[in-house]
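Participant: The structure is given below, and queries will be raised subsequently.
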Amino acid sequence: MRSQLEDPNSGLYISNFVLAETVMDTRKDLFVDGKYVTNSILFETNSNKIQPASLPSVGVVADYMKANPTVKLNVIGHTDNVGQDAANMDLSARRAKSVVKELVDFHKIDQSRLTSAGMGESKPIGDNNTLEGRAKNRRVEFVKL
């Protein structure tokens, strides 16, 4: 909404005023049900290297852990069904370990508060026959211990 306001008594003018809706900060509610699932932590193809654009998503979890110092999490990696089962299981485990490493090394979260596991393609939440479904299946879950 753009508006121009004039106060005839002061000689002040306000123009090009923009109102923007903000997004509610839900970090405090991440683990309401004991689990936080995200597709926003992305990795290089067939790799456990976290893409730089995904690092703020890891930071959200780190902020939550810093604000809740007694919380312990299991980081669980998931893949789609592209590739061999054994390779996907290994890849998902390495990706979960990469997220733990980022939390420990960069965000200084105590290693004793984190565990990791890989589920490979064994627990899909989307249809692996579609691009959208495979994208849903490539995810990281954070589960309270």
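In the structure tokens, each chain is lettered A, B, ... as it comes, each chain's residues begin at 1, and ligands are numbered from 1 in order of appearance.
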Neighbouring residues of stretch 98-103 of chain A were defined as those with any atom within 7 Å, considering only C-alpha atoms; residues of the same chain fewer than 3 positions away were excluded. Please report them as a PyMOL selection string.

Facilitator: chain A and resi 48+62+94-95+106-109+114

Participant: Report as a list in words all protein, DNA and RNA residues lying within 6 Å of A:Arg139, evaluated on only C-alpha atoms, omitting residues in the same chain fewer than 6 positions from it.

Facilitator: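 Here the answer would be Thr38, Asn39 and His78 of chain A.
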
Participant: Counting only C-alpha atoms, what is within 10 Å of A:Ala117, bar same-chain residues fewer than 3 positions away, as a PyMOL selection string?

Facilitator: chain A and resi 74-78+89-90+92-97+120+141
